[in-house]
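Read through the structure below, which is laid out as structure tokens, and then see the notes.
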Amino acid sequence: ERLRTIAGECGCTVAELAIAWTLAQDGVTGAIVGARRPGQLDAWLGAGALALSPQTLHAIDEAIADTGAGLDQPATAPRPPAT
């Protein structure tokens with residue numbers, strides 16, 4: 001929900017915001033995106049031209065940190081009960 005608010009302030013979609021944030025990360029030179037339907041392209045087509053301010057990048061980073069997004073460990077199979 002916080003990303004929706006930030007995207008609204010930037011005048012873009014959440015998809016454009018996410019892609020622009022990815023492209024703004026050090027060492028990232030491109031982002032691979034995909035769509036199942038042509039209409040989905042409209043949701044992120046402007047991401048390459050979206051310049052995010054340092055304040056916006058910080059707000060996104062805070063939203064990620066506050067929600068714990070991206071911190072999940074890979075799922076492991078449960079161990080069988082000890083016999």
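Labels used: A, B, ... for chains in the order of the structure tokens, numbers from 1 for residues in each chain, and numbers from 1 for ligands as shown.
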List the spatial neighbours of region 28-33 of chain A as an NGL selection string - criterion: any atom at most 10 Å away, only C-alpha atoms, same-chain residues fewer than 6 positions off excluded.
:A and (15 or 19-20 or 22 or 41 or 44 or 48)
Kindly export the residues of the current selection with N, CA and C atoms, as a compact mmCIF listing (two decimals), in the first residue's frame.
```txt
# COMPACT_ATOMS: atom_id res chain seq x y z
N ALA A 15 3.96 -0.65 -10.89
CA ALA A 15 4.90 -1.41 -11.73
C ALA A 15 6.02 -0.51 -12.25
N ILE A 19 10.06 -0.95 -11.29
CA ILE A 19 11.08 -1.10 -12.33
C ILE A 19 12.08 0.06 -12.26
N ALA A 20 11.60 1.27 -12.08
CA ALA A 20 12.49 2.43 -11.97
C ALA A 20 13.39 2.30 -10.74
N THR A 22 14.38 -0.53 -9.39
CA THR A 22 15.36 -1.56 -9.74
C THR A 22 16.48 -0.96 -10.58
N LEU A 41 1.54 -4.07 -20.74
CA LEU A 41 2.69 -3.21 -21.07
C LEU A 41 2.46 -1.77 -20.64
N TRP A 44 3.78 -0.51 -17.19
CA TRP A 44 5.19 -0.29 -16.85
C TRP A 44 6.02 0.33 -17.97
N GLY A 48 11.33 3.36 -17.82
CA GLY A 48 12.67 3.73 -18.26
C GLY A 48 12.91 5.23 -18.25
```
Which residues are near Gly46 (chain A)? Cut-off 12 Å, only C-alpha atoms, ignore same chain within fewer than 4 positions. Put them as JSON, numbers by chain.
{"A": [10, 11, 12, 13, 14, 15, 16, 17, 18, 19, 20, 41, 42, 50, 51]}
Residue subset to file, keeping C-alpha atoms, as an mmCIF file, in the first residue's frame:
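Ended up saving to again.cif:
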```cif
data_model
loop_
_atom_site.group_PDB
_atom_site.id
_atom_site.type_symbol
_atom_site.label_atom_id
_atom_site.label_comp_id
_atom_site.auth_asym_id
_atom_site.auth_seq_id
_atom_site.Cartn_x
_atom_site.Cartn_y
_atom_site.Cartn_z
ATOM 1 C CA CYS A 10 5.284 10.286 -8.686
ATOM 2 C CA GLY A 11 2.395 10.112 -11.154
ATOM 3 C CA CYS A 12 3.198 6.548 -12.189
ATOM 4 C CA THR A 13 1.990 3.010 -11.683
ATOM 5 C CA VAL A 14 3.360 0.731 -8.980
ATOM 6 C CA ALA A 15 4.896 -1.413 -11.730
ATOM 7 C CA GLU A 16 6.713 1.602 -13.199
ATOM 8 C CA LEU A 17 7.895 2.582 -9.726
ATOM 9 C CA ALA A 18 9.236 -0.913 -9.029
ATOM 10 C CA ILE A 19 11.084 -1.095 -12.327
ATOM 11 C CA ALA A 20 12.490 2.428 -11.969
ATOM 12 C CA LEU A 41 2.689 -3.215 -21.066
ATOM 13 C CA ASP A 42 0.922 0.067 -20.385
ATOM 14 C CA LEU A 50 11.070 7.763 -14.697
ATOM 15 C CA ALA A 51 13.775 9.501 -12.681
#
```
Sel. of helix (DSSP H, G or I) residues, chain A, as JSON, numbers by chain
{"A": [2, 3, 4, 5, 6, 7, 8, 9, 10, 14, 15, 16, 17, 18, 19, 20, 21, 22, 23, 38, 39, 40, 41, 42, 43, 45, 46, 47, 48, 49, 54, 55, 56, 57, 58, 59, 60, 61, 62, 63, 64, 65, 66, 67]}
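Between CA of Thr67 (chain A) and CA of Ser53 (chain A) there is a distance of 21.4 Å.
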